[in-house]
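Source file start.pdb; content: PDB, C-alpha atoms.
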```pdb
ATOM      1  CA  MET A 464    -145.504  -7.256  -1.638  1.00  0.00           C
ATOM      2  CA  ASN A 465    -143.473  -4.163  -2.489  1.00  0.00           C
ATOM      3  CA  ILE A 466    -139.744  -3.952  -3.081  1.00  0.00           C
ATOM      4  CA  LYS A 467    -137.846  -0.845  -4.102  1.00  0.00           C
ATOM      5  CA  ILE A 468    -134.200  -0.927  -5.126  1.00  0.00           C
ATOM      6  CA  ILE A 469    -132.222   2.311  -5.066  1.00  0.00           C
ATOM      7  CA  VAL A 470    -129.108   2.189  -7.225  1.00  0.00           C
ATOM      8  CA  ILE A 471    -126.441   4.871  -7.466  1.00  0.00           C
ATOM      9  CA  GLY A 472    -125.508   5.071 -11.149  1.00  0.00           C
ATOM     10  CA  LYS A 473    -127.023   3.737 -14.324  1.00  0.00           C
ATOM     11  CA  ILE A 474    -126.566   0.425 -16.110  1.00  0.00           C
ATOM     12  CA  ARG A 475    -124.185   0.838 -19.038  1.00  0.00           C
ATOM     13  CA  ASN A 476    -123.543  -2.784 -19.997  1.00  0.00           C
ATOM     14  CA  GLU A 477    -126.133  -4.222 -22.376  1.00  0.00           C
ATOM     15  CA  PHE A 478    -125.705  -7.786 -21.115  1.00  0.00           C
ATOM     16  CA  ILE A 479    -126.493  -6.629 -17.561  1.00  0.00           C
ATOM     17  CA  LYS A 480    -129.524  -4.666 -18.818  1.00  0.00           C
ATOM     18  CA  ALA A 481    -130.731  -7.852 -20.493  1.00  0.00           C
ATOM     19  CA  GLY A 482    -130.263  -9.831 -17.269  1.00  0.00           C
ATOM     20  CA  VAL A 483    -132.006  -7.192 -15.152  1.00  0.00           C
ATOM     21  CA  ASN A 484    -134.930  -7.112 -17.587  1.00  0.00           C
ATOM     22  CA  GLU A 485    -135.148 -10.910 -17.569  1.00  0.00           C
ATOM     23  CA  TYR A 486    -135.345 -11.110 -13.758  1.00  0.00           C
ATOM     24  CA  LEU A 487    -137.835  -8.235 -13.605  1.00  0.00           C
ATOM     25  CA  LYS A 488    -140.012 -10.104 -16.125  1.00  0.00           C
ATOM     26  CA  ARG A 489    -139.839 -13.215 -13.922  1.00  0.00           C
ATOM     27  CA  LEU A 490    -140.542 -11.317 -10.676  1.00  0.00           C
ATOM     28  CA  LEU A 491    -143.236  -8.820 -11.640  1.00  0.00           C
ATOM     29  CA  PRO A 492    -146.121 -11.315 -11.715  1.00  0.00           C
ATOM     30  CA  PHE A 493    -145.423 -12.083  -8.026  1.00  0.00           C
ATOM     31  CA  ILE A 494    -143.781  -9.020  -6.472  1.00  0.00           C
ATOM     32  CA  ASN A 495    -144.254  -5.311  -7.097  1.00  0.00           C
ATOM     33  CA  ILE A 496    -140.633  -4.304  -7.682  1.00  0.00           C
ATOM     34  CA  LYS A 497    -139.353  -0.878  -8.659  1.00  0.00           C
ATOM     35  CA  ILE A 498    -135.785   0.223  -9.415  1.00  0.00           C
ATOM     36  CA  GLU A 499    -134.759   3.852  -8.958  1.00  0.00           C
ATOM     37  CA  PHE A 500    -131.481   4.881 -10.564  1.00  0.00           C
ATOM     38  CA  LEU A 501    -129.993   7.913  -8.837  1.00  0.00           C
ATOM     39  CA  PRO A 502    -127.091  10.038 -10.083  1.00  0.00           C
ATOM     40  CA  THR A 503    -123.542   9.156  -9.201  1.00  0.00           C
ATOM     41  CA  PHE A 504    -120.933  11.672  -8.158  1.00  0.00           C
ATOM     42  CA  SER A 505    -117.960   9.393  -8.823  1.00  0.00           C
ATOM     43  CA  GLU A 506    -116.054  12.185 -10.570  1.00  0.00           C
ATOM     44  CA  LEU A 507    -115.764  13.986  -7.214  1.00  0.00           C
ATOM     45  CA  PRO A 508    -113.441  13.137  -4.313  1.00  0.00           C
ATOM     46  CA  GLU A 509    -114.756  10.211  -2.244  1.00  0.00           C
ATOM     47  CA  LYS A 510    -115.943  12.166   0.821  1.00  0.00           C
ATOM     48  CA  ILE A 511    -117.845  14.717  -1.258  1.00  0.00           C
ATOM     49  CA  ALA A 512    -119.311  12.035  -3.530  1.00  0.00           C
ATOM     50  CA  LEU A 513    -120.555  10.001  -0.554  1.00  0.00           C
ATOM     51  CA  LEU A 514    -122.180  13.090   1.002  1.00  0.00           C
ATOM     52  CA  LYS A 515    -123.944  14.049  -2.230  1.00  0.00           C
ATOM     53  CA  GLU A 516    -125.107  10.468  -2.818  1.00  0.00           C
ATOM     54  CA  GLU A 517    -126.237  10.247   0.825  1.00  0.00           C
ATOM     55  CA  GLU A 518    -128.341  13.364   0.339  1.00  0.00           C
ATOM     56  CA  ILE A 519    -130.173  12.017  -2.714  1.00  0.00           C
ATOM     57  CA  ILE A 520    -130.627   8.564  -1.161  1.00  0.00           C
ATOM     58  CA  LEU A 521    -132.181  10.081   1.972  1.00  0.00           C
ATOM     59  CA  LYS A 522    -134.575  12.158  -0.182  1.00  0.00           C
ATOM     60  CA  ASN A 523    -135.818   8.896  -1.718  1.00  0.00           C
ATOM     61  CA  LEU A 524    -136.530   7.119   1.578  1.00  0.00           C
ATOM     62  CA  ARG A 525    -139.647   7.122   3.733  1.00  0.00           C
ATOM     63  CA  ASN A 526    -139.811   6.374   7.451  1.00  0.00           C
ATOM     64  CA  SER A 527    -142.088   3.388   6.893  1.00  0.00           C
ATOM     65  CA  GLU A 528    -139.603   1.522   4.685  1.00  0.00           C
ATOM     66  CA  PHE A 529    -137.527  -1.387   5.936  1.00  0.00           C
ATOM     67  CA  ILE A 530    -134.072  -0.501   4.599  1.00  0.00           C
ATOM     68  CA  ILE A 531    -131.530  -3.114   3.572  1.00  0.00           C
ATOM     69  CA  THR A 532    -128.192  -1.711   2.445  1.00  0.00           C
ATOM     70  CA  LEU A 533    -125.813  -3.825   0.404  1.00  0.00           C
ATOM     71  CA  ASP A 534    -122.241  -3.668   1.636  1.00  0.00           C
ATOM     72  CA  LYS A 535    -119.369  -6.145   1.378  1.00  0.00           C
ATOM     73  CA  ASP A 536    -118.910  -5.924   5.170  1.00  0.00           C
ATOM     74  CA  GLY A 537    -122.584  -6.668   5.860  1.00  0.00           C
ATOM     75  CA  GLU A 538    -124.065  -9.905   7.142  1.00  0.00           C
ATOM     76  CA  LYS A 539    -123.376 -12.937   4.980  1.00  0.00           C
ATOM     77  CA  ILE A 540    -126.376 -15.240   4.747  1.00  0.00           C
ATOM     78  CA  SER A 541    -127.309 -18.208   2.586  1.00  0.00           C
ATOM     79  CA  SER A 542    -129.937 -18.080  -0.147  1.00  0.00           C
ATOM     80  CA  GLU A 543    -132.277 -20.071   2.116  1.00  0.00           C
ATOM     81  CA  GLU A 544    -131.783 -17.630   4.994  1.00  0.00           C
ATOM     82  CA  PHE A 545    -132.304 -14.702   2.621  1.00  0.00           C
ATOM     83  CA  SER A 546    -135.547 -16.246   1.386  1.00  0.00           C
ATOM     84  CA  LYS A 547    -136.867 -16.704   4.935  1.00  0.00           C
ATOM     85  CA  LYS A 548    -135.867 -13.185   5.970  1.00  0.00           C
ATOM     86  CA  LEU A 549    -137.212 -11.551   2.819  1.00  0.00           C
ATOM     87  CA  PHE A 550    -140.621 -13.210   2.937  1.00  0.00           C
ATOM     88  CA  LYS A 551    -140.966 -12.731   6.676  1.00  0.00           C
ATOM     89  CA  LEU A 552    -140.324  -9.016   6.111  1.00  0.00           C
ATOM     90  CA  LEU A 553    -142.620  -8.816   3.095  1.00  0.00           C
ATOM     91  CA  ILE A 554    -145.452 -10.342   5.107  1.00  0.00           C
ATOM     92  CA  SER A 555    -144.843  -8.296   8.279  1.00  0.00           C
ATOM     93  CA  GLN A 556    -144.067  -4.889   6.734  1.00  0.00           C
ATOM     94  CA  ASN A 557    -146.993  -2.582   6.059  1.00  0.00           C
ATOM     95  CA  SER A 558    -145.268  -0.655   3.304  1.00  0.00           C
ATOM     96  CA  GLN A 559    -142.168  -1.928   1.558  1.00  0.00           C
ATOM     97  CA  ILE A 560    -138.628  -3.173   1.679  1.00  0.00           C
ATOM     98  CA  THR A 561    -136.023  -0.901   0.150  1.00  0.00           C
ATOM     99  CA  PHE A 562    -132.598  -2.138  -0.916  1.00  0.00           C
ATOM    100  CA  ILE A 563    -129.781   0.377  -1.378  1.00  0.00           C
ATOM    101  CA  ILE A 564    -126.864  -0.240  -3.748  1.00  0.00           C
ATOM    102  CA  GLY A 565    -124.132   2.392  -3.505  1.00  0.00           C
ATOM    103  CA  GLY A 566    -121.829   3.772  -6.155  1.00  0.00           C
ATOM    104  CA  ILE A 567    -118.114   3.208  -6.591  1.00  0.00           C
ATOM    105  CA  TYR A 568    -117.398   4.347  -3.028  1.00  0.00           C
ATOM    106  CA  GLY A 569    -120.218   2.323  -1.492  1.00  0.00           C
ATOM    107  CA  VAL A 570    -122.564   4.188   0.851  1.00  0.00           C
ATOM    108  CA  SER A 571    -121.928   6.658   3.656  1.00  0.00           C
ATOM    109  CA  GLU A 572    -121.783   5.631   7.298  1.00  0.00           C
ATOM    110  CA  ARG A 573    -124.990   7.609   7.890  1.00  0.00           C
ATOM    111  CA  ILE A 574    -126.832   5.461   5.333  1.00  0.00           C
ATOM    112  CA  LYS A 575    -125.465   2.297   6.940  1.00  0.00           C
ATOM    113  CA  LYS A 576    -126.513   3.484  10.416  1.00  0.00           C
ATOM    114  CA  SER A 577    -130.012   4.370   9.199  1.00  0.00           C
ATOM    115  CA  SER A 578    -130.447   0.911   7.664  1.00  0.00           C
ATOM    116  CA  ASN A 579    -132.434  -1.823   9.359  1.00  0.00           C
ATOM    117  CA  PHE A 580    -130.128  -4.502   7.957  1.00  0.00           C
ATOM    118  CA  ILE A 581    -126.803  -4.544   6.112  1.00  0.00           C
ATOM    119  CA  LEU A 582    -126.435  -7.406   3.673  1.00  0.00           C
ATOM    120  CA  SER A 583    -123.327  -8.691   1.954  1.00  0.00           C
ATOM    121  CA  LEU A 584    -123.736 -10.465  -1.366  1.00  0.00           C
ATOM    122  CA  SER A 585    -120.137 -11.642  -1.054  1.00  0.00           C
ATOM    123  CA  PRO A 586    -116.857 -10.666   0.585  1.00  0.00           C
ATOM    124  CA  MET A 587    -115.877  -9.595  -2.930  1.00  0.00           C
ATOM    125  CA  THR A 588    -116.675  -6.140  -4.290  1.00  0.00           C
ATOM    126  CA  PHE A 589    -119.024  -5.830  -7.284  1.00  0.00           C
ATOM    127  CA  THR A 590    -119.938  -2.888  -9.471  1.00  0.00           C
ATOM    128  CA  HIS A 591    -123.382  -1.439  -8.800  1.00  0.00           C
ATOM    129  CA  GLU A 592    -124.531  -3.043 -12.065  1.00  0.00           C
ATOM    130  CA  PHE A 593    -123.475  -6.560 -11.072  1.00  0.00           C
ATOM    131  CA  ALA A 594    -124.789  -6.048  -7.525  1.00  0.00           C
ATOM    132  CA  LEU A 595    -128.219  -5.189  -8.941  1.00  0.00           C
ATOM    133  CA  LEU A 596    -128.250  -8.245 -11.200  1.00  0.00           C
ATOM    134  CA  ILE A 597    -127.105 -10.554  -8.386  1.00  0.00           C
ATOM    135  CA  LEU A 598    -129.669  -9.058  -5.993  1.00  0.00           C
ATOM    136  CA  LEU A 599    -132.506  -9.576  -8.496  1.00  0.00           C
ATOM    137  CA  GLU A 600    -131.388 -13.167  -9.077  1.00  0.00           C
ATOM    138  CA  GLN A 601    -131.362 -13.781  -5.314  1.00  0.00           C
ATOM    139  CA  ILE A 602    -134.832 -12.261  -4.910  1.00  0.00           C
ATOM    140  CA  TYR A 603    -136.047 -14.545  -7.699  1.00  0.00           C
ATOM    141  CA  ARG A 604    -134.311 -17.526  -6.070  1.00  0.00           C
ATOM    142  CA  ALA A 605    -135.911 -16.565  -2.723  1.00  0.00           C
ATOM    143  CA  LEU A 606    -139.320 -16.573  -4.402  1.00  0.00           C
ATOM    144  CA  LYS A 607    -138.697 -20.027  -5.860  1.00  0.00           C
ATOM    145  CA  ILE A 608    -137.495 -21.341  -2.487  1.00  0.00           C
ATOM    146  CA  GLN A 609    -140.558 -19.889  -0.789  1.00  0.00           C
ATOM    147  CA  ARG A 610    -142.885 -21.486  -3.371  1.00  0.00           C
ATOM    148  CA  ASN A 611    -141.014 -24.843  -3.264  1.00  0.00           C
ATOM    149  CA  GLU A 612    -140.456 -24.615  -7.010  1.00  0.00           C
ATOM    150  CA  PRO A 613    -137.477 -26.125  -8.837  1.00  0.00           C
ATOM    151  CA  TYR A 614    -134.871 -23.434  -9.385  1.00  0.00           C
ATOM    152  CA  HIS A 615    -132.802 -23.681  -6.239  1.00  0.00           C
ATOM    153  CA  TYR A 616    -131.052 -27.036  -5.938  1.00  0.00           C
TER     154      TYR A 616
END
```
Represent the structure of the file as structure tokens.
Amino acid sequence: MNIKIIVIGKIRNEFIKAGVNEYLKRLLPFINIKIEFLPTFSELPEKIALLKEEEIILKNLRNSEFIITLDKDGEKISSEEFSKKLFKLLISQNSQITFIIGGIYGVSERIKKSSNFILSLSPMTFTHEFALLILLEQIYRALKIQRNEPYHY
């Protein structure tokens, strides 16, 4: 089972780094998970930043990947539904699932259109750092749901 998470920008907050490391420690015995931090262009005007980020995201994708982009306007699903979808995909996909977390401007329309699924973590907007931490927690929760282990109540 392979999961890749592409994140625009780095983690600056130590408490989020600690949380990310904790969930990676919990997940790695069960799922091969890799996080790729790509540069942000947030200092540029929005349209230019989105184009530059789009370019580097596309360079980091392969045709065989199932791409899930995080976006506040994406599909809102429960943790149980996420668990079912994630493990169905992990079993059926020959290569890997790739999640994309955009920068301060989100992701370009081209990235959204090239995605297999657009997922919303919430109608609220989160920083890329919080989105990564929440996504890792939900992947861990999905694993626990799938294994019928006590974490999700």
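Note that the spacing between atom CA of Ile554 of chain A and atom CA of Glu592 of chain A amounts to 28.0 Å.
The residues caught by the PyMOL selection byres ((chain A and resi 484) around 12) in this file are Ile474, Glu477, Phe478, Ile479, Lys480, Ala481, Gly482, Val483, Glu485, Tyr486, Leu487, Lys488, Arg489, Leu490, Leu491, Ile496, Lys497, Ile498, Leu595, Leu596, Leu599 and Glu600 of chain A.
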(message) Which residues are close to segment 567-578 of chain A, i.e. within 10 Å by only C-alpha atoms, leaving aside same-chain residues fewer than 6 positions away? Reply as a ChimeraX atom specification.
(response) /A:471-472,503-505,508-510,512-518,520-521,528-535,537,561,588-591
(request) For the structure provided, state which residues fall under the PyMOL selection byres ((chain A and resi 546) around 7), and present them as a list in words. (result)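 On this input, the PyMOL selection byres ((chain A and resi 546) around 7) captures Ser542, Glu543, Glu544, Phe545, Lys547, Lys548, Leu549, Phe550, Ala605, Leu606, Ile608 and Gln609 of chain A.
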(request) Quick one: pull the distance between atom CA of Lys467 of chain A and atom CA of Gln559 of chain A, Å, one decimal. (result) 7.2 Å
(request) Calculate how many Å separate atom CA of Val470 of chain A from atom CA of Pro492 of chain A, rounding to one decimal. (result)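 That distance, rounded to one decimal, is 22.2 Å.
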(request) Would you mind listing what lies within 7 Å of Asn495 of chain A as a list of chain:residue names, with all atoms listed in the file counted and same-chain residues fewer than 3 positions away left out? (result)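 Answer for this query is A:Met464, A:Asn465, A:Ile466, A:Leu491.
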(request) Between A:Tyr614, A:Phe562, A:Phe580, A:Phe500, single out the one closest to Lys539 of chain A, counting all atoms listed in the file. (result) A:Phe580
(message) (-125.3, -13.1, -1.9) in this file's frame - what residues fall within 9 Å of it? Use only C-alpha atoms and give the answer as a list of chain:residue names.
(response)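 These residues have at least one counted atom within 9 Å: A:Lys539, A:Ile540, A:Ser541, A:Ser542, A:Phe545, A:Leu582, A:Ser583, A:Leu584, A:Ser585, A:Ile597, A:Leu598, A:Gln601.
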Listed atoms of segment 573-591 of chain A, axis-aligned box, 6 Å per side: centre and edge lengths to one decimal in Å, as AutoDock Vina command-line options?
```
--center_x -124.2 --center_y -2.0 --center_z 0.5 --size_x 28.6 --size_y 31.3 --size_z 31.9
```
(request) Find, counting only C-alpha atoms, the residue in A:Leu501, A:Ile469, A:Asp536, A:Asn526 that gets nearest to Pro586 of chain A. (result)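 Counting only C-alpha atoms, the residue closest to Pro586 of chain A is A:Asp536.
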